Every structure is written in C-alpha cells, then in structure tokens.
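Q: Structure file model-v7.txt (compact mmCIF, C-alpha atoms) right here:
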```txt
# COMPACT_ATOMS: atom_id res chain seq x y z
CA MET A 316 3.55 -7.54 -16.45
CA GLN A 317 0.05 -6.12 -16.54
CA PRO A 318 -0.47 -4.08 -13.43
CA ALA A 319 -3.42 -4.87 -11.21
CA MET A 320 -6.38 -2.48 -11.05
CA GLY A 321 -5.72 0.45 -8.83
CA TRP A 322 -5.66 4.21 -8.67
CA LEU A 323 -3.17 4.37 -11.52
CA THR A 324 -4.76 1.75 -13.70
CA ARG A 325 -8.49 2.32 -13.68
CA LEU A 326 -8.69 4.01 -17.01
CA GLY A 327 -6.34 2.51 -19.48
CA PHE A 328 -3.02 2.69 -17.73
CA VAL A 329 -0.88 0.00 -19.28
CA ALA A 330 2.52 -0.05 -17.73
CA ALA A 331 4.95 2.11 -15.92
CA ALA A 332 8.57 2.00 -15.06
CA PRO A 333 9.22 0.36 -11.72
CA ALA A 334 10.54 2.46 -8.90
CA SER A 335 14.25 2.71 -8.67
CA SER A 336 16.04 0.70 -6.04
CA ASP A 337 16.86 4.07 -4.53
CA ASP A 338 13.12 4.66 -4.04
CA SER A 339 12.75 1.30 -2.39
CA VAL A 340 15.63 1.93 -0.01
CA LEU A 341 14.38 5.39 0.91
CA LEU A 342 10.83 4.16 1.43
CA ALA A 343 12.04 1.33 3.62
CA ARG A 344 14.00 3.83 5.68
CA LEU A 345 10.94 6.08 5.81
CA ALA A 346 8.82 3.21 7.06
CA ALA A 347 11.38 2.70 9.81
CA GLY A 348 11.03 6.34 10.85
CA ASP A 349 14.21 7.72 9.31
CA THR A 350 13.83 11.51 9.09
CA ASP A 351 16.84 11.81 6.80
CA ALA A 352 15.04 9.62 4.28
CA LEU A 353 12.02 11.89 4.54
CA ALA A 354 14.17 14.95 3.87
CA LEU A 355 15.79 13.29 0.86
CA LEU A 356 12.46 12.23 -0.61
CA TYR A 357 10.94 15.63 0.07
CA ARG A 358 13.80 17.48 -1.59
CA ARG A 359 13.63 15.20 -4.58
CA GLU A 360 9.88 15.02 -5.17
CA SER A 361 8.20 18.02 -3.59
CA GLY A 362 9.16 20.55 -6.25
CA SER A 363 7.42 18.71 -9.03
CA VAL A 364 4.33 18.04 -6.92
CA TYR A 365 4.26 21.68 -5.86
CA ARG A 366 4.42 23.01 -9.41
CA TYR A 367 1.68 20.67 -10.56
CA ALA A 368 -0.52 21.66 -7.63
CA LEU A 369 0.27 25.33 -8.15
CA ALA A 370 -0.71 25.11 -11.80
CA LEU A 371 -4.04 23.57 -10.81
CA ALA A 372 -4.76 25.67 -7.75
CA GLY A 373 -3.28 28.96 -8.83
CA ASP A 374 -2.61 29.51 -5.17
CA GLU A 375 0.64 28.93 -3.36
CA ALA A 376 -0.93 28.13 -0.01
CA ALA A 377 -3.28 25.56 -1.52
CA ALA A 378 -0.39 24.04 -3.46
CA LEU A 379 1.71 23.72 -0.31
CA ASP A 380 -1.23 22.18 1.54
CA ALA A 381 -1.56 19.64 -1.23
CA VAL A 382 2.16 18.85 -1.10
CA GLN A 383 2.00 18.40 2.65
CA GLU A 384 -1.01 16.12 2.41
CA ALA A 385 0.69 14.03 -0.27
CA PHE A 386 3.74 13.45 1.91
CA ALA A 387 1.65 13.00 5.03
CA GLN A 388 -0.20 10.17 3.34
CA LEU A 389 3.11 8.68 2.29
CA LEU A 390 4.23 8.80 5.92
CA ARG A 391 1.04 7.16 7.11
CA GLY A 392 1.40 4.26 4.70
CA PRO A 393 4.56 4.02 2.62
CA GLN A 394 3.56 0.49 1.73
CA ARG A 395 0.54 1.81 -0.17
CA PHE A 396 2.85 3.05 -2.91
CA GLN A 397 3.25 0.20 -5.35
CA PRO A 398 6.23 0.72 -7.64
CA GLY A 399 4.78 -1.44 -10.41
CA ARG A 400 1.95 1.03 -10.86
CA GLY A 401 3.98 4.14 -11.54
CA SER A 402 6.63 6.44 -10.24
CA LEU A 403 6.69 7.84 -6.73
CA GLY A 404 6.33 11.34 -8.15
CA ALA A 405 3.17 10.35 -10.00
CA TYR A 406 1.80 8.72 -6.86
CA LEU A 407 2.38 11.88 -4.84
CA ALA A 408 0.93 14.07 -7.59
CA GLY A 409 -2.17 11.89 -7.60
CA ILE A 410 -2.65 12.39 -3.87
CA ALA A 411 -2.12 16.14 -4.24
CA ARG A 412 -4.72 16.24 -6.99
CA HIS A 413 -7.19 14.36 -4.83
CA GLN A 414 -6.56 16.78 -2.00
CA LEU A 415 -7.20 19.80 -4.22
CA LEU A 416 -10.37 18.29 -5.64
CA SER A 417 -11.63 17.52 -2.15
CA GLN A 418 -11.04 21.11 -1.09
CA TRP A 419 -12.87 22.43 -4.11
CA ARG A 420 -15.73 20.02 -3.70
CA ASP A 421 -16.09 21.09 -0.10
CA ALA A 422 -16.05 24.71 -1.15
CA ARG A 423 -18.31 24.45 -4.15
CA ARG A 424 -20.09 21.12 -3.55
CA HIS A 425 -19.62 20.31 -7.21
CA VAL A 426 -16.64 20.57 -9.47
CA PRO A 427 -17.50 19.80 -13.07
CA LEU A 428 -14.62 17.95 -14.65
CA ASP A 429 -16.16 17.63 -18.05
CA ASP A 430 -13.83 19.29 -20.47
CA ASP A 431 -16.55 21.08 -22.42
CA ALA A 432 -18.37 22.21 -19.33
CA LEU A 433 -15.23 23.84 -18.08
CA ASP A 434 -14.08 25.29 -21.31
CA GLU A 435 -14.44 28.87 -20.17
CA THR A 436 -14.61 28.45 -16.45
CA ASP A 437 -12.08 28.00 -13.74
CA PRO A 438 -13.16 26.30 -10.52
CA THR A 439 -10.14 27.37 -8.55
CA PRO A 440 -11.00 29.73 -5.71
CA GLY A 441 -7.95 31.82 -6.34
CA SER A 442 -7.94 31.82 -10.09
CA ASP A 443 -6.85 35.40 -10.11
CA ALA A 444 -4.28 34.72 -7.48
CA ARG A 445 -0.69 33.88 -7.46
CA LEU A 446 0.20 31.42 -10.15
CA THR A 447 1.78 34.16 -12.12
CA GLN A 448 2.87 36.31 -9.22
CA ALA A 449 5.92 34.11 -8.92
CA GLN A 450 6.94 34.81 -12.46
CA ARG A 451 6.61 37.36 -15.18
CA GLU A 452 3.02 38.03 -16.15
CA ASP A 453 3.62 37.53 -19.84
CA GLY A 454 1.13 36.53 -22.45
CA LEU A 455 1.79 32.81 -22.34
CA TRP A 456 1.18 32.46 -18.63
CA ALA A 457 -1.85 34.66 -18.75
CA ALA A 458 -3.21 32.49 -21.52
CA ILE A 459 -2.46 29.26 -19.66
CA ARG A 460 -4.27 30.67 -16.67
CA ARG A 461 -7.36 31.16 -18.80
CA LEU A 462 -7.53 27.51 -19.81
CA SER A 463 -10.09 25.25 -18.23
CA TRP A 464 -8.92 23.21 -15.29
CA PRO A 465 -8.61 19.86 -17.16
CA GLN A 466 -6.90 21.55 -20.09
CA ARG A 467 -4.46 23.32 -17.82
CA GLU A 468 -3.76 20.03 -16.08
CA ALA A 469 -3.03 18.31 -19.40
CA ILE A 470 -0.70 21.09 -20.51
CA THR A 471 1.05 21.09 -17.16
CA LEU A 472 1.61 17.36 -16.99
CA VAL A 473 2.68 16.78 -20.57
CA ASP A 474 4.07 20.00 -21.95
CA LEU A 475 5.49 21.65 -18.85
CA GLN A 476 6.50 18.66 -16.75
CA GLU A 477 7.35 16.37 -19.67
CA ARG A 478 5.61 13.39 -18.19
CA PRO A 479 4.88 10.42 -20.45
CA TYR A 480 1.28 10.24 -21.65
CA ASP A 481 0.45 7.15 -19.65
CA GLU A 482 1.75 8.65 -16.43
CA ALA A 483 -0.01 11.95 -17.05
CA ALA A 484 -3.26 10.13 -17.78
CA ALA A 485 -2.90 8.08 -14.63
CA ILE A 486 -2.42 11.20 -12.51
CA ALA A 487 -5.38 12.91 -14.16
CA GLY A 488 -7.49 9.78 -13.70
CA VAL A 489 -8.42 9.48 -17.36
CA SER A 490 -7.46 7.29 -20.27
CA THR A 491 -4.60 8.31 -22.49
CA ASP A 492 -7.11 8.97 -25.28
CA VAL A 493 -9.02 11.44 -23.14
CA LEU A 494 -5.79 13.07 -22.06
CA ARG A 495 -4.65 13.44 -25.66
CA THR A 496 -7.98 15.00 -26.55
CA ARG A 497 -7.74 17.47 -23.68
CA LEU A 498 -4.19 18.28 -24.61
CA HIS A 499 -5.08 18.85 -28.24
CA ARG A 500 -7.89 21.23 -27.26
CA ALA A 501 -5.70 22.94 -24.71
CA ARG A 502 -2.94 23.64 -27.20
CA GLN A 503 -5.44 24.84 -29.76
CA ARG A 504 -7.13 27.16 -27.29
CA LEU A 505 -3.81 28.40 -26.01
CA ALA A 506 -2.68 29.22 -29.52
CA ASP A 507 -5.95 31.05 -30.14
CA LEU A 508 -5.59 33.06 -26.94
CA LEU A 509 -2.03 33.99 -27.78
CA ALA A 510 -2.96 34.99 -31.30
CA ALA A 511 -5.83 37.10 -29.98
CA GLY A 512 -3.44 38.73 -27.52
CA GLU A 513 -1.04 39.62 -30.27
CA ARG A 514 -3.80 41.13 -32.37
CA SER A 515 -5.10 43.29 -29.53
CA MET B 1140 9.68 12.41 -25.11
CA ASN B 1141 6.45 13.98 -26.34
CA ASP B 1142 5.11 16.18 -29.08
CA THR B 1143 5.06 19.49 -27.29
CA PRO B 1144 4.89 22.32 -29.84
CA ASP B 1145 8.02 24.42 -30.14
CA TRP B 1146 6.24 27.59 -29.08
CA LEU B 1147 5.41 25.96 -25.72
CA ARG B 1148 8.86 24.60 -24.95
CA PRO B 1149 10.34 27.84 -23.55
CA ALA B 1150 7.67 27.77 -20.85
CA ARG B 1151 9.14 24.56 -19.47
CA ALA B 1152 12.24 26.15 -18.09
CA GLU B 1153 10.28 28.96 -16.57
CA PHE B 1154 7.82 26.53 -15.04
CA ALA B 1155 10.65 24.41 -13.62
CA ARG B 1156 11.97 27.45 -11.79
CA LEU B 1157 8.77 27.89 -9.80
CA GLN B 1158 9.54 27.21 -6.17
CA PRO B 1159 7.57 27.68 -2.99
CA ASP B 1160 8.64 30.30 -0.53
CA ALA B 1161 11.71 28.83 1.18
CA ALA B 1162 10.45 29.50 4.71
CA GLN B 1163 7.07 27.95 4.00
CA ASP B 1164 8.68 24.99 2.29
CA ALA B 1165 10.93 24.44 5.32
CA ALA B 1166 7.89 24.70 7.58
CA VAL B 1167 6.11 21.96 5.63
CA LEU B 1168 9.12 19.68 5.91
CA ALA B 1169 9.41 20.44 9.62
CA ARG B 1170 5.74 19.53 10.16
CA LEU B 1171 6.21 16.30 8.26
CA THR B 1172 9.33 15.49 10.27
CA ARG B 1173 7.43 16.03 13.53
CA GLN B 1174 4.66 13.83 12.21
CA LEU B 1175 7.13 11.09 11.36
CA ARG B 1176 8.77 11.31 14.79
CA ALA B 1177 5.39 11.18 16.52
CA ARG B 1178 4.43 8.06 14.64
CA PRO B 1179 4.46 4.91 16.75
CA ALA B 1180 7.58 2.86 16.22
CA PRO B 1181 6.99 0.17 13.64
CA ARG B 1182 6.39 -3.17 15.25
CA GLU B 1183 8.44 -6.14 14.24
CA ASP B 1184 6.43 -7.88 11.62
CA ALA B 1185 3.24 -8.32 13.60
CA ARG B 1186 1.63 -10.40 10.90
CA TRP B 1187 3.52 -13.55 11.76
CA PRO B 1188 2.13 -14.00 15.26
CA ARG B 1189 -1.34 -13.46 13.86
CA ARG B 1190 -0.73 -15.92 11.06
CA LEU B 1191 0.67 -18.48 13.48
CA ALA B 1192 -2.30 -17.99 15.75
CA TRP B 1193 -4.69 -18.53 12.89
CA ALA B 1194 -2.74 -21.52 11.62
CA SER B 1195 -2.52 -23.18 15.01
CA GLY B 1196 -6.19 -22.50 15.63
CA ALA B 1197 -7.15 -24.05 12.33
CA LEU B 1198 -4.81 -26.97 12.95
CA GLY B 1199 -6.25 -27.53 16.39
CA ALA B 1200 -9.80 -27.41 15.15
CA THR B 1201 -9.02 -29.90 12.39
CA ALA B 1202 -7.25 -32.21 14.79
CA ALA B 1203 -10.13 -32.07 17.24
CA LEU B 1204 -12.55 -32.92 14.47
CA LEU B 1205 -10.46 -35.89 13.34
CA LEU B 1206 -10.08 -37.11 16.88
CA THR B 1207 -13.81 -36.87 17.47
CA LEU B 1208 -14.43 -38.87 14.33
CA LEU B 1209 -11.93 -41.48 15.43
CA MET B 1210 -13.58 -41.78 18.80
CA LEU B 1211 -17.00 -42.07 17.26
CA LEU B 1212 -15.69 -44.93 15.14
CA ASP B 1213 -14.09 -46.59 18.15
CA PRO B 1214 -15.55 -45.22 21.37
CA PRO B 1215 -13.34 -45.63 24.45
CA GLY B 1216 -14.44 -48.33 26.80
CA THR B 1217 -15.91 -50.50 24.12
CA SER B 1218 -12.60 -52.13 23.33
CA ARG B 1219 -11.01 -54.73 25.52
CA ALA B 1220 -7.54 -54.06 24.16
CA ALA B 1221 -4.66 -52.35 25.91
CA PRO B 1222 -4.63 -48.54 26.28
CA VAL B 1223 -2.55 -48.12 23.14
CA ALA B 1224 -5.31 -49.75 21.17
CA ALA B 1225 -8.07 -48.24 23.24
CA THR B 1226 -8.51 -45.38 20.88
CA GLY B 1227 -7.72 -47.35 17.80
CA SER B 1228 -5.55 -44.42 16.81
CA GLY B 1229 -2.08 -45.47 17.94
CA PHE B 1230 -1.85 -43.04 20.84
CA ILE B 1231 0.32 -44.08 23.76
CA PRO B 1232 -1.03 -42.67 27.02
CA LEU B 1233 1.40 -40.57 29.03
CA VAL B 1234 -0.94 -40.21 31.99
CA PRO B 1235 -2.54 -42.89 34.15
CA ASP B 1236 -4.95 -45.03 32.20
CA GLY B 1237 -8.01 -43.86 34.11
CA GLU B 1238 -7.12 -40.25 33.55
CA PHE B 1239 -6.53 -40.90 29.87
CA ARG B 1240 -9.89 -42.62 29.43
CA ALA B 1241 -11.63 -39.85 31.34
CA ALA B 1242 -10.02 -37.31 29.08
CA LEU B 1243 -11.11 -39.19 26.00
CA ALA B 1244 -14.63 -39.47 27.35
CA ALA B 1245 -14.63 -35.76 28.04
CA GLY B 1246 -13.25 -35.28 24.56
CA ARG B 1247 -16.68 -36.03 23.17
CA SER B 1248 -17.87 -32.70 24.45
CA ALA B 1249 -14.66 -30.77 25.03
CA ALA B 1250 -11.83 -30.09 22.65
CA VAL B 1251 -8.78 -32.34 22.73
CA TRP B 1252 -5.90 -30.92 20.78
CA LEU B 1253 -3.30 -32.58 18.62
CA GLN B 1254 0.05 -30.88 18.39
CA PRO B 1255 2.69 -31.93 15.86
CA ALA B 1256 6.05 -32.59 17.49
CA GLU B 1257 9.37 -34.32 17.03
CA LEU B 1258 10.94 -36.62 19.56
CA PRO B 1259 14.56 -37.75 19.81
CA ARG B 1260 14.66 -41.46 19.04
CA GLU B 1261 16.38 -42.15 22.32
CA ARG B 1262 13.21 -41.06 24.09
CA LEU B 1263 11.41 -44.03 22.55
CA ALA B 1264 13.01 -46.12 25.27
CA LEU B 1265 11.17 -44.07 27.87
CA LEU B 1266 7.93 -45.12 26.20
CA GLY B 1267 8.98 -48.77 26.36
CA LEU B 1268 9.56 -48.91 22.63
CA PRO B 1269 12.63 -50.37 20.93
CA PHE B 1270 14.97 -48.03 19.13
CA ASP B 1271 18.19 -48.26 17.16
CA ALA B 1272 21.00 -46.83 19.29
CA GLY B 1273 22.88 -45.99 16.11
CA ARG B 1274 20.14 -43.53 15.20
CA ALA B 1275 19.63 -42.18 18.70
CA ASP B 1276 20.33 -38.62 17.61
CA GLU B 1277 17.65 -38.67 14.94
CA PHE B 1278 14.16 -37.37 15.47
CA VAL B 1279 10.83 -39.09 15.08
CA ARG B 1280 7.71 -37.24 13.96
CA ALA B 1281 4.92 -37.54 16.46
CA GLU B 1282 1.65 -36.01 17.56
CA LEU B 1283 0.89 -35.00 21.10
CA MET B 1284 -2.63 -35.15 22.42
CA LEU B 1285 -3.36 -32.30 24.82
CA ASN B 1286 -6.36 -31.45 26.92
CA PRO B 1287 -7.70 -27.89 26.91
CA SER B 1288 -5.42 -27.07 29.84
CA GLY B 1289 -2.38 -27.96 27.79
CA GLN B 1290 -1.60 -31.18 29.64
CA VAL B 1291 -0.07 -33.83 27.40
CA LEU B 1292 -2.27 -36.90 27.53
CA ALA B 1293 -0.77 -39.15 24.91
CA VAL B 1294 1.69 -39.35 22.05
CA ARG B 1295 1.41 -40.99 18.67
CA LEU B 1296 4.46 -41.79 16.54
CA LEU B 1297 4.08 -41.05 12.86
CA ASN B 1298 7.25 -42.65 11.49
```
Could you express the structure from this file as structure tokens?

A:
Amino acid sequence: MQPAMGWLTRLGFVAAAPASSDDSVLLARLAAGDTDALALLYRRESGSVYRYALALAGDEAAALDAVQEAFAQLLRGPQRFQPGRGSLGAYLAGIARHQLLSQWRDARRHVPLDDDALDETDPTPGSDARLTQAQREDGLWAAIRRLSWPQREAITLVDLQERPYDEAAAIAGVSTDVLRTRLHRARQRLADLLAAGERS
Amino acid sequence: MNDTPDWLRPARAEFARLQPDAAQDAAVLARLTRQLRARPAPREDARWPRRLAWASGALGATAALLLTLLMLLDPPGTSRAAPVAATGSGFIPLVPDGEFRAALAAGRSAAVWLQPAELPRERLALLGLPFDAGRADEFVRAELMLNPSGQVLAVRLLN
C-alpha cells in the first residue's frame, strides 16, 4: 500500500514495515495512561534516539532534551504515530531531530542544511563537547566529529545505526537519492580525514 | 542490510554502547511518567456523541425541510378531509386536532421535527388501526412528528 503524504513520505519515502503488534498494544496502553507501557517503550526506544541525537548534537544534555521531547510528544498524542509510515523508533528520531533543529534555529536564527554549505562547518553549539567524552577519543570518532552535520547524520543513521535507506531518508527529511549522495560524500571525506591523520 | 564499508563497521559496536548517564536517564523517565500521570484521563470515545449530535441535527433539518415542502404543497386548513389526510402526508395526530393544526400552522415558521422510530404492532390498536395478532411482537417502522419542545404531535407508519 502506498502510504499517504506525511512527515515520513514527503520526499520519496516508498514503504515501511508496519509496527509490530507489540507496538500497537503498548501504544494503546500508553494512550490509556499505563506508566508501565511508557517504561517499556522508553527502555526499548530511547537508547537509539539518544545516540542519534548525541551524534547530531555532540552534547549529552541536548541529546537527552531531544529524547524527552520525542517521548513527551508521543505522550501528548500517541495516535499521531501511524505505523504504516514507518517504525516507532524512526518516528521518535524524527521528533528528536526536529527538536534539535528548532533549538539551533533559535540559537543561530539560521541553520544551513545544504550539504555543500556545511561541508566544513558544524552548526552544533557544543561541537567540541562531549560526543567523544563518552568513549575513546580515537581517530575515527574525531574524524566523524569533523564531518558536516548532514554528512554526520547520514553516517549515523545508515552506517552506525544500520537503518534501511528509506527509513534513514525519512528521518533526515530527504529523498533516498539525496541521502545516498550525502552518505557517499561522508564516507569519502571520512576516509580522507583518516588518511590525513595517519600521515600526520 | 546496507553497504557500510568494512573499515566503518567496528564503529557500530562502539556507537551502540553509548548510553546516557544513568541518573539523568532515570530523571527523564521520571519526568515523562509524571507527565503521563498528570494527563487528563482519556474520555470514552467522545467522538460518537458528537457524531450523533451532528447526524441528528442534519436529520432534523432535512425532515423539517421536507415537512415544510409537504405543507406548502398541501397547506393545513385547505383540505376538508379528516386529520389524517389534513397534511396529505399520512400523519396520525396524537394530540387534539386543534392543537395539531396549530402546530402545523406554526410549523411554517418554526421547526417541526421528524424522528425515526419503531412501534410494536400491538400499539397499532391504540391508534385505531387493525393489526395481525399473530405478529403482535413485531415492530413497525414509523416517524414521529415533534414540536420544538419535544412533544410528539403525530405519527406516520412507514410499513
């Protein structure tokens, strides 16, 4: 079935796996105010949303804020999640992304999302902050941190979180072609950065 | 699943181990739990009363329009027939004839409502109509004519 237009389908999203019946049951319980269902959903989905937000924000506090906002929106309207349009995790990641972008827009008034425009820049306020504090500061992570925001997002969604291309594109709000292009450039730039690091 | 280069794959496991500070994570869940508890209890499907209200309103408006048309075609008081035929619409008055005619006259300017209903066949006898005792427990489709106060003015049998 072709999904209707929506936040997951604006730019070339074709199809996605329907939510599991487990999702449906938990969301129904959540709608009824069941706090145990909230805890189960949070334990299951928050880690992935957090890591995605952390990779974008480079800041643990901002990532946690984004996670909280994603779940808060789910609490306010569980019925807004439409299983036919993608997974619950992708839906929550999309909200987290929107939250981060809103924060950055408020802070900077303008966040260029053009891949070329951002090739050497990083709009995150804490770009030198704690993405890599939680792990070893090795060459790979340092190089990933130097990628542009859209490139880092593409790498995170596809290479680090192993999301299918269509789901990753839906979260990033671009077509799969654009996502593939960003990913290709990101890998290329990452390889260059790593090679330069080895030479130095 | 995808074409991630081999040199990037080791980063996956490391990335998957990234976790928020446990205390902060618990605090987020606690805030969400409080938010869920503070949420107003979900109402029993509130859409149905609204839908019924809309449906009955639309039905009433349509019925009033049809009744007005009927009365324009056959204005009360112009016919010399019995009350049943007075409207030319098959309605049997359930109120005194004068009251019924007054209501119909008022119906030109005020809404008179038609309400679908079902009557036990045995009640036909109360209206002075014949009925088959063997089918007394069956129901007959009917329409009730009501004035804006909800008083039943007349009934019309549909089958």

Q: How many Å separate atom CA of B:Pro1259 from atom CA of B:Asp1271?

A: 11.4 Å

Q: Which residues are close to stretch 464-479 of chain A, i.e. within 6 Å by all atoms listed in the file, leaving aside same-chain residues fewer than 5 positions away? Reply as a PDB file with C-alpha atoms, in the coordinates of the input.

A:
```
ATOM      1  CA  ASP A 437     -12.080  28.000 -13.740  1.00  0.00           C
ATOM      2  CA  ARG A 497      -7.740  17.470 -23.680  1.00  0.00           C
ATOM      3  CA  LEU A 498      -4.190  18.280 -24.610  1.00  0.00           C
ATOM      4  CA  ALA A 501      -5.700  22.940 -24.710  1.00  0.00           C
TER       5      ALA A 501
ATOM      6  CA  THR B1143       5.060  19.490 -27.290  1.00  0.00           C
ATOM      7  CA  ARG B1151       9.140  24.560 -19.470  1.00  0.00           C
TER       8      ARG B1151
END
```

Q: Could you list the residues in chain B lying within 10 Å of chain A, using all atoms listed in the file, and format the result as a ChimeraX atom specification?

A: /B:1140-1144,1146-1160,1163-1164,1166-1182

Q: So what do you get for atom CA of A:Gly392 versus atom CA of A:Leu355, distance-wise?

A: 17.4 Å

Q: Distance atom CA of A:Arg420-atom CA of A:Arg500, one decimal place?

A: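 Atom-to-atom, atom CA of A:Arg420 and atom CA of A:Arg500 are spaced 24.9 Å apart.
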
Q: I need the residue nearest A:Ala372 from this list: A:Ser339, A:Gln388, A:Gln418, A:Thr491. Use only C-alpha atoms for the distance.

A: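 Looking only at the distances to A:Ala372, the closest residue turns out to be A:Gln418.
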
Q: So which residues touch A:Ala352 within 8 Å, counting only C-alpha atoms, skipping near sequence neighbours fewer than 6 positions away, as a PDB file with C-alpha atoms, keeping the file's coordinate frame?

A:
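Saved to part.pdb:
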```pdb
ATOM      1  CA  LEU A 341      14.380   5.390   0.910  1.00  0.00           C
ATOM      2  CA  LEU A 342      10.830   4.160   1.430  1.00  0.00           C
ATOM      3  CA  ARG A 344      14.000   3.830   5.680  1.00  0.00           C
ATOM      4  CA  LEU A 345      10.940   6.080   5.810  1.00  0.00           C
TER       5      LEU A 345
END
```

Q: I'd like the contact shell of A:Ala405 - 12 Å cut-off, only C-alpha atoms, skipping same-chain residues fewer than 6 positions apart - returned as a PyMOL selection string.

A: chain A and resi 322-323+331-334+360-361+363-364+367+385+396-399+411-412+472+476+478-488
